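Chemist: This is the structure I have questions about; it appears just below.
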Amino acid sequence: MNAGFIGLGIMGRAMSARLIDGGHELYVHSHKPAPKELTDKGARDCRTAREVASHAEVIFTMVPDTPNVEEVLFGENGAASGLSPGKVFVDMSSISPIATKDLAQRVNQLGCEYLDAPVSGGDVGARQGTLTIMVGGSEKAFARVQPLFELMGKSVTLIGGNGDGQIAKIANQIIVALTIEAVGEALLFASKAGADPAKVRQALMGGFAASRILEWHGERIIKRNFEPGGRIELHQKDLNNALTGARALNLSLPNTATCQELFNACAAHGGSAWDHSAMVRALEDLANFEIGSQDRQKGAA
Amino acid sequence: MKIAFIGLGIMGRPMAGHLLDGGHDLYLHDLRPVPQDLLEKGGHACPSNKEAAAQGDVVITMVPDTPDVEAAIFGPDGVAQGLAPGKTVVDMSSISPIATKDFARRINQLGCEYLDAPVSGGEVGAKQATLTIMVGGSEKTFARIKPLFELMGKNITLVGANGDGQTAKVANQIIVALTIEAVGEALLFASKAGADPAMVRKALMGGFASSRILEVHGERMINRTFDPGFRIELHQKDLNLALSGARALKMSLPNTATCQELFNACAAHGGSAWDHSAMVRALEDLANHQIASKERQKGAA
């Protein structure tokens, strides 16, 4: 199939490579020249989003935020100007569900289908083709694009109509942030009370408190490994979508609000590019205590 | 082995049953008459804690809260009066880590060993002998009692010294409460934004937001099954241990505090005996919206 991919950052680049490896003809565009690793595989570098859309039958985009998707579609030489009836535009970025419904409507007016299909699983998932993909749109369009999704992800779910994929992604990011915070409070409590946080994490892993976050980020927190991973500034964007959405919907999300404030405190200490598990550092500042510091002192003594 | 078992409620009764099934000689005491099934298995009913402790080489307590443990061990006709040097007291209740250190010291002064060994896994785990057991005490004592723990639980960890088992249990309960809250906010957001929460839960189960809580309690929230399970009033007790501990340790647990307030709001609406997943009802009150699957919404129309 002739496919298009717009946005070739850490995520988009890896996802594009998997589409080419799957045997598809890929037309790509980014604000920088296409990476050599993709052109070597046969990707065709286009000068505009419009050019991509005019060549491809299904056009993917993977860019940072809502205004970037608007720009890709409806900016100068945007994808919309290259679309013709029957094509499918698939936004895999994580953006506002409310804006998504509007973008989908405008694409539908051109006689084209729209899918919102944000992902979870990070750069590792993108490279390995194990992303979780949460899709909003029609069943017909989903069925058409599903073989392509399956090259990029493992867990692919059609949630509902347009916007519902983005809603699921926000729900995902709420849970991830709040569970990081939960693990942070728990390990901080254990450590300041004098217990070994690594032992506590181990004891809890088999029980009802077990989660992927306790497993992966619990370990990061204990080992002080805050290299990203998922950057705090990106998670702040996601929680901002949650909180502005909540305000528009007349909905109170008390712990999401607190977690955003803790991310803000990290950013104030130079942590915008820390891994999101470093949210615990804001809790440690409040406690005037660093997890594991007693054990490290013992080790150093 | 001769074992005294004190406290034969929902948890203690099946745990004592497993010890009897394992071929041990049990000396039983409770404020209420000893359950018939335990007597039929060969358990001996004792008139007081003192009497039971005088018979057993190991004394296990499983009672509701810190004052109950204190009364059982150090009260009139208590365990302490029946102890002789070389015996071991194992408190499997979930109580204060700070009080535990004091109890352990007082038991040690009698020439006896002390283990704190609180459990997680609830009534189901107690019945199926699949409890998670978090132990604080010496390695030697732990090794001696471990065969008994293995009759009652599956995931058994020596976390550290006396009090550390209770600290791990508090950490467990912090994570469980805060993850229930996280799942509640996420599903409520999805539902009020118009997506089907059942589909969102399903999509998220494969990814980084997945947890036992999303699996079990996420389903309870969607299906509205708030029969306990684990009662809100018991989780309030655990979070009280966390928050009073945090105050004593000089540390800030912002989301634990919010979750306790949400439990308090449930209690104000008659929910002390609801399952702890019903914490979402307090969020639903704030949102003036109830989580419901699309199917249920249609069914009601």
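Chain labels follow the order of the structure tokens: the first chain is A, the next B, and so on; residue numbering restarts at 1 in every chain, and ligands are counted from 1 in their shown order.
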Write out as a PyMOL selection string each polymer residue whose atoms come within 10 Å of region 280-290 of chain B, counting only C-alpha atoms; drop sequence neighbours fewer than 4 positions from it.
Modeler: (chain A and resi 246+249-254) or (chain B and resi 180-185+187-189+191-192+217-218+221-222+224+226+259+261-269+271+276)
Chemist: Create the file for the chosen residues now, containing N, CA and C atoms and written as a CSV table (one decimal), in the first residue's frame.
Modeler:
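Produced file result-v1.csv, reproduced below:
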chain,number,residue,atom,x,y,z
A,246,ALA,N,-11.2,18.3,31.9
A,246,ALA,CA,-12.0,18.2,33.1
A,246,ALA,C,-12.8,19.5,33.3
A,249,LEU,N,-15.6,19.8,30.9
A,249,LEU,CA,-16.6,18.8,31.2
A,249,LEU,C,-17.3,18.9,32.6
A,250,ASN,N,-16.9,19.9,33.4
A,250,ASN,CA,-17.3,20.1,34.7
A,250,ASN,C,-17.1,18.9,35.6
A,251,LEU,N,-15.8,18.6,35.7
A,251,LEU,CA,-15.4,17.3,36.4
A,251,LEU,C,-14.2,17.6,37.3
A,252,SER,N,-14.2,17.1,38.4
A,252,SER,CA,-13.1,17.3,39.4
A,252,SER,C,-12.1,16.2,39.4
A,253,LEU,N,-10.8,16.4,39.2
A,253,LEU,CA,-9.8,15.4,39.2
A,253,LEU,C,-8.7,15.7,40.2
A,254,PRO,N,-9.0,15.6,41.5
A,254,PRO,CA,-8.1,16.1,42.5
A,254,PRO,C,-6.7,15.6,42.5
B,180,ILE,N,-6.6,2.9,43.2
B,180,ILE,CA,-8.0,2.9,43.1
B,180,ILE,C,-8.5,4.3,42.7
B,181,GLU,N,-7.9,5.3,43.3
B,181,GLU,CA,-8.3,6.7,43.0
B,181,GLU,C,-7.9,7.0,41.6
B,182,ALA,N,-6.7,6.6,41.2
B,182,ALA,CA,-6.2,6.9,39.8
B,182,ALA,C,-7.1,6.3,38.8
B,183,VAL,N,-7.5,5.0,39.0
B,183,VAL,CA,-8.4,4.3,38.1
B,183,VAL,C,-9.8,5.0,38.1
B,184,GLY,N,-10.2,5.4,39.2
B,184,GLY,CA,-11.5,6.2,39.4
B,184,GLY,C,-11.5,7.4,38.6
B,185,GLU,N,-10.4,8.3,38.7
B,185,GLU,CA,-10.4,9.5,37.9
B,185,GLU,C,-10.3,9.2,36.5
B,187,LEU,N,-11.4,6.5,34.6
B,187,LEU,CA,-12.6,6.0,34.1
B,187,LEU,C,-13.7,7.0,34.1
B,188,LEU,N,-13.7,7.9,35.2
B,188,LEU,CA,-14.7,8.9,35.3
B,188,LEU,C,-14.5,9.9,34.2
B,189,PHE,N,-13.3,10.3,33.9
B,189,PHE,CA,-13.0,11.2,32.8
B,189,PHE,C,-13.5,10.6,31.5
B,191,SER,N,-15.7,8.3,30.9
B,191,SER,CA,-17.1,8.2,30.9
B,191,SER,C,-17.8,9.5,30.6
B,192,LYS,N,-17.4,10.6,31.4
B,192,LYS,CA,-18.0,11.9,31.3
B,192,LYS,C,-17.7,12.5,29.9
B,217,HIS,N,-10.6,-3.8,40.3
B,217,HIS,CA,-11.5,-2.7,40.8
B,217,HIS,C,-12.0,-1.9,39.6
B,218,GLY,N,-11.3,-1.8,38.5
B,218,GLY,CA,-11.8,-1.1,37.3
B,218,GLY,C,-13.1,-1.8,36.9
B,221,MET,N,-16.0,-0.9,39.3
B,221,MET,CA,-16.6,0.4,39.1
B,221,MET,C,-17.5,0.4,37.9
B,222,ILE,N,-17.2,-0.3,36.8
B,222,ILE,CA,-18.0,-0.3,35.7
B,222,ILE,C,-19.3,-1.1,35.9
B,224,ARG,N,-20.6,-1.7,38.9
B,224,ARG,CA,-21.2,-1.3,40.1
B,224,ARG,C,-21.4,-2.4,41.1
B,226,PHE,N,-20.2,-3.1,44.6
B,226,PHE,CA,-19.4,-2.5,45.7
B,226,PHE,C,-19.6,-3.3,47.0
B,259,CYS,N,-7.0,10.9,49.4
B,259,CYS,CA,-7.7,9.6,49.4
B,259,CYS,C,-8.5,9.3,50.7
B,261,GLU,N,-9.6,11.6,52.7
B,261,GLU,CA,-10.8,12.5,52.7
B,261,GLU,C,-11.9,11.9,51.8
B,262,LEU,N,-11.5,11.3,50.7
B,262,LEU,CA,-12.5,10.7,49.8
B,262,LEU,C,-13.2,9.5,50.5
B,263,PHE,N,-12.4,8.7,51.2
B,263,PHE,CA,-13.0,7.6,52.0
B,263,PHE,C,-14.0,8.2,53.1
B,264,ASN,N,-13.5,9.3,53.7
B,264,ASN,CA,-14.4,10.0,54.7
B,264,ASN,C,-15.7,10.4,54.1
B,265,ALA,N,-15.6,10.9,52.9
B,265,ALA,CA,-16.8,11.4,52.2
B,265,ALA,C,-17.8,10.1,51.9
B,266,CYS,N,-17.2,9.0,51.6
B,266,CYS,CA,-18.0,7.8,51.4
B,266,CYS,C,-18.7,7.4,52.7
B,267,ALA,N,-17.9,7.5,53.8
B,267,ALA,CA,-18.5,7.1,55.1
B,267,ALA,C,-19.6,8.0,55.5
B,268,ALA,N,-19.5,9.3,55.1
B,268,ALA,CA,-20.6,10.3,55.4
B,268,ALA,C,-21.8,9.9,54.6
B,269,HIS,N,-21.7,9.1,53.5
B,269,HIS,CA,-22.9,8.7,52.7
B,269,HIS,C,-23.3,7.3,53.1
B,271,GLY,N,-21.2,4.7,53.6
B,271,GLY,CA,-20.4,3.7,52.9
B,271,GLY,C,-19.2,3.1,53.7
B,276,HIS,N,-13.7,-1.0,49.1
B,276,HIS,CA,-12.9,0.2,49.0
B,276,HIS,C,-12.8,0.8,47.5
Chemist: Considering only C-alpha atoms, return as a list in words whatever protein or nucleic-acid residues lie within 12 Å of Glu261 (chain A), sequence-local ones (same chain, fewer than 2 positions apart) excluded.
Modeler: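 The contact residues come out as Ala177, Leu178, Glu181, Ile232, His235, Gln236, Leu239, Asn240, Leu243, Pro254, Asn255, Thr256, Ala257, Thr258, Cys259, Phe263, Asn264, Ala265, Cys266, Ala267, Ala268, Met279, Ala282 and Leu283 of chain A; Pro254 and Asn255 of chain B.
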Chemist: Could those residues be written to a file, using N, CA and C atoms, as an mmCIF file, in the first residue's frame?
Modeler:
data_model
loop_
_atom_site.group_PDB
_atom_site.id
_atom_site.type_symbol
_atom_site.label_atom_id
_atom_site.label_comp_id
_atom_site.auth_asym_id
_atom_site.auth_seq_id
_atom_site.Cartn_x
_atom_site.Cartn_y
_atom_site.Cartn_z
ATOM 1 N N ALA A 177 0.479 8.647 35.695
ATOM 2 C CA ALA A 177 1.010 9.706 36.570
ATOM 3 C C ALA A 177 0.643 9.431 38.030
ATOM 4 N N LEU A 178 -0.621 9.078 38.268
ATOM 5 C CA LEU A 178 -1.092 8.926 39.646
ATOM 6 C C LEU A 178 -0.507 7.671 40.295
ATOM 7 N N GLU A 181 2.953 8.528 41.353
ATOM 8 C CA GLU A 181 2.872 9.281 42.601
ATOM 9 C C GLU A 181 2.611 8.347 43.781
ATOM 10 N N ILE A 232 9.151 14.400 31.586
ATOM 11 C CA ILE A 232 8.161 15.113 32.398
ATOM 12 C C ILE A 232 7.396 16.119 31.557
ATOM 13 N N HIS A 235 4.558 14.507 29.752
ATOM 14 C CA HIS A 235 3.471 14.088 30.643
ATOM 15 C C HIS A 235 2.693 15.315 31.154
ATOM 16 N N GLN A 236 3.405 16.443 31.326
ATOM 17 C CA GLN A 236 2.705 17.686 31.703
ATOM 18 C C GLN A 236 1.687 18.080 30.635
ATOM 19 N N LEU A 239 -1.317 15.755 31.040
ATOM 20 C CA LEU A 239 -2.161 16.102 32.201
ATOM 21 C C LEU A 239 -2.871 17.428 31.957
ATOM 22 N N ASN A 240 -2.219 18.301 31.159
ATOM 23 C CA ASN A 240 -2.900 19.543 30.806
ATOM 24 C C ASN A 240 -4.143 19.247 29.964
ATOM 25 N N LEU A 243 -6.705 18.066 32.467
ATOM 26 C CA LEU A 243 -7.269 19.087 33.361
ATOM 27 C C LEU A 243 -8.095 20.118 32.597
ATOM 28 N N PRO A 254 -9.021 15.563 41.513
ATOM 29 C CA PRO A 254 -8.125 16.139 42.531
ATOM 30 C C PRO A 254 -6.689 15.625 42.466
ATOM 31 N N ASN A 255 -6.473 14.336 42.285
ATOM 32 C CA ASN A 255 -5.097 13.852 42.314
ATOM 33 C C ASN A 255 -4.357 14.108 41.000
ATOM 34 N N THR A 256 -5.097 14.185 39.901
ATOM 35 C CA THR A 256 -4.457 14.599 38.644
ATOM 36 C C THR A 256 -3.913 16.018 38.805
ATOM 37 N N ALA A 257 -4.703 16.882 39.444
ATOM 38 C CA ALA A 257 -4.266 18.261 39.670
ATOM 39 C C ALA A 257 -3.010 18.289 40.541
ATOM 40 N N THR A 258 -3.008 17.504 41.623
ATOM 41 C CA THR A 258 -1.828 17.483 42.501
ATOM 42 C C THR A 258 -0.597 16.976 41.743
ATOM 43 N N CYS A 259 -0.781 15.928 40.935
ATOM 44 C CA CYS A 259 0.364 15.380 40.184
ATOM 45 C C CYS A 259 0.917 16.400 39.200
ATOM 46 N N PHE A 263 4.725 17.778 39.014
ATOM 47 C CA PHE A 263 5.534 17.883 37.784
ATOM 48 C C PHE A 263 6.037 19.326 37.623
ATOM 49 N N ASN A 264 5.148 20.296 37.893
ATOM 50 C CA ASN A 264 5.567 21.698 37.782
ATOM 51 C C ASN A 264 6.736 21.982 38.720
ATOM 52 N N ALA A 265 6.678 21.419 39.932
ATOM 53 C CA ALA A 265 7.770 21.622 40.900
ATOM 54 C C ALA A 265 9.071 21.008 40.375
ATOM 55 N N CYS A 266 8.983 19.857 39.719
ATOM 56 C CA CYS A 266 10.179 19.254 39.108
ATOM 57 C C CYS A 266 10.738 20.191 38.045
ATOM 58 N N ALA A 267 9.849 20.712 37.199
ATOM 59 C CA ALA A 267 10.292 21.619 36.132
ATOM 60 C C ALA A 267 10.996 22.838 36.723
ATOM 61 N N ALA A 268 10.487 23.319 37.860
ATOM 62 C CA ALA A 268 11.104 24.475 38.523
ATOM 63 C C ALA A 268 12.527 24.169 38.983
ATOM 64 N N MET A 279 9.050 12.386 39.295
ATOM 65 C CA MET A 279 8.045 13.110 40.087
ATOM 66 C C MET A 279 8.304 12.913 41.581
ATOM 67 N N ALA A 282 9.899 15.671 43.756
ATOM 68 C CA ALA A 282 9.106 16.749 44.360
ATOM 69 C C ALA A 282 8.591 16.299 45.732
ATOM 70 N N LEU A 283 8.200 15.029 45.844
ATOM 71 C CA LEU A 283 7.771 14.498 47.147
ATOM 72 C C LEU A 283 8.952 14.462 48.114
ATOM 73 N N PRO B 254 0.691 13.912 50.046
ATOM 74 C CA PRO B 254 -0.495 14.678 49.610
ATOM 75 C C PRO B 254 -1.641 13.821 49.074
ATOM 76 N N ASN B 255 -1.359 12.821 48.234
ATOM 77 C CA ASN B 255 -2.472 12.064 47.660
ATOM 78 C C ASN B 255 -3.039 11.033 48.633
#
Chemist: What lies within 8 Å of Leu241 (chain B) using only C-alpha atoms, ignoring chain neighbours under 4 positions off, as an MDAnalysis selection string?
Modeler: chainID B and resid 95:96 170 237 245
Chemist: Check the DSSP output for the backbone and give back, as a PyMOL selection string, the residues of region 11-257 of chain B in strand (DSSP E).
Modeler: chain B and resi 25-29+44-45+58-61+88-91+113-116+119-120+131-136+153-160
Chemist: Tell me which protein, DNA and RNA residues are within 12 Å of Arg106 (chain B), counting only C-alpha atoms, leaving out same-chain ones fewer than 3 positions away, and put them as JSON, numbers by chain.
Modeler: {"B": [70, 73, 74, 80, 83, 89, 99, 100, 101, 102, 103, 109, 110, 111, 112, 113, 114]}
Chemist: If you count only C-alpha atoms, which residues fall within 9 Å of Ile180 (chain A), apart from same-chain ones fewer than 5 positions away, as an mmCIF file with C-alpha atoms, in the first residue's frame?
Modeler:
data_model
loop_
_atom_site.group_PDB
_atom_site.id
_atom_site.type_symbol
_atom_site.label_atom_id
_atom_site.label_comp_id
_atom_site.auth_asym_id
_atom_site.auth_seq_id
_atom_site.Cartn_x
_atom_site.Cartn_y
_atom_site.Cartn_z
ATOM 1 C CA ILE A 175 -3.388 6.371 35.682
ATOM 2 C CA GLU A 185 4.581 8.138 48.405
ATOM 3 C CA ILE A 213 4.698 1.118 37.339
ATOM 4 C CA LEU A 214 5.775 -0.457 40.659
ATOM 5 C CA HIS A 217 9.422 2.986 37.916
ATOM 6 C CA GLY A 218 9.717 1.599 41.445
ATOM 7 C CA HIS A 276 8.428 11.129 34.638
ATOM 8 C CA SER A 277 9.276 8.732 37.486
ATOM 9 C CA ALA A 278 11.359 11.644 38.864
ATOM 10 C CA MET A 279 8.045 13.110 40.087
ATOM 11 C CA VAL A 280 9.140 11.458 43.346
#
Chemist: May I have the residues within 10 Å of region 60-69 of chain A as JSON, numbers by chain, using only C-alpha atoms and disregarding those fewer than 4 positions away in the same chain?
Modeler: {"A": [3, 4, 5, 6, 7, 8, 9, 10, 11, 12, 13, 15, 16, 28, 29, 30, 49, 52, 53, 56, 73, 74, 75, 78, 79, 88, 89, 90, 91, 92, 93, 94, 95, 96, 97, 99, 100, 103, 115, 116, 117, 118, 119, 234, 237, 238, 241]}
Chemist: So what do you get for CA of Lys192 (chain A) versus CA of His269 (chain A), distance-wise?
Modeler: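 One can read the CA of Lys192 (chain A) to CA of His269 (chain A) distance as 22.3 Å.
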Chemist: Which is closest to Cys112 (chain A) among A:Ala43, A:Val58, A:Val72, A:Val156, if we use only C-alpha atoms?
Modeler: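 Of A:Ala43, A:Val58, A:Val72, A:Val156, the one nearest Cys112 (chain A), counting only C-alpha atoms, is A:Val58.
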Chemist: Identify which of the residues B:Ile175, B:Leu20, B:Ile98, B:Ala257 lies closest to chain A, counting only C-alpha atoms when measuring atom-to-atom distances.
Modeler: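 With only C-alpha atoms as the atom set, the closest residue is B:Ile175.
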Chemist: Kindly give the distance, in Å, that separates CA of Gly136 (chain A) and CA of Leu148 (chain A), rounded to a single decimal.
Modeler: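 About the pair CA of Gly136 (chain A) and CA of Leu148 (chain A): they are 15.5 Å apart.
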Chemist: May I have the residues within 9 Å of Thr256 (chain B) as a list in words, using only C-alpha atoms and disregarding those fewer than 6 positions away in the same chain?
Modeler: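 In the requested form, the answer reads Ala182 and Glu185 of chain A; Ile174, Ile175, Ala177, Leu178, Leu239, Ala242 and Leu243 of chain B.
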Chemist: So that I have them on file, write out the residues from the current selection with C-alpha atoms, as a PDB file, in the first residue's frame.
Modeler:
ATOM      1  CA  ALA A 182       1.382   6.400  44.631  1.00  0.00           C
ATOM      2  CA  GLU A 185       4.581   8.138  48.405  1.00  0.00           C
TER       3      GLU A 185
ATOM      4  CA  ILE B 174      -0.980   3.561  50.188  1.00  0.00           C
ATOM      5  CA  ILE B 175      -0.422   2.163  46.688  1.00  0.00           C
ATOM      6  CA  ALA B 177      -5.795   3.317  47.762  1.00  0.00           C
ATOM      7  CA  LEU B 178      -4.047   5.754  45.417  1.00  0.00           C
ATOM      8  CA  LEU B 239      -4.417   5.241  55.772  1.00  0.00           C
ATOM      9  CA  ALA B 242       0.112   6.143  57.017  1.00  0.00           C
ATOM     10  CA  LEU B 243      -0.906   9.701  57.820  1.00  0.00           C
TER      11      LEU B 243
END
Chemist: Select, from A:Ser272, A:Thr244, A:Gln173, A:Ser293, the residue with the minimum atom-to-atom distance to chain B, counting only C-alpha atoms.
Modeler: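 Selected residue with least distance to chain B: A:Gln173.
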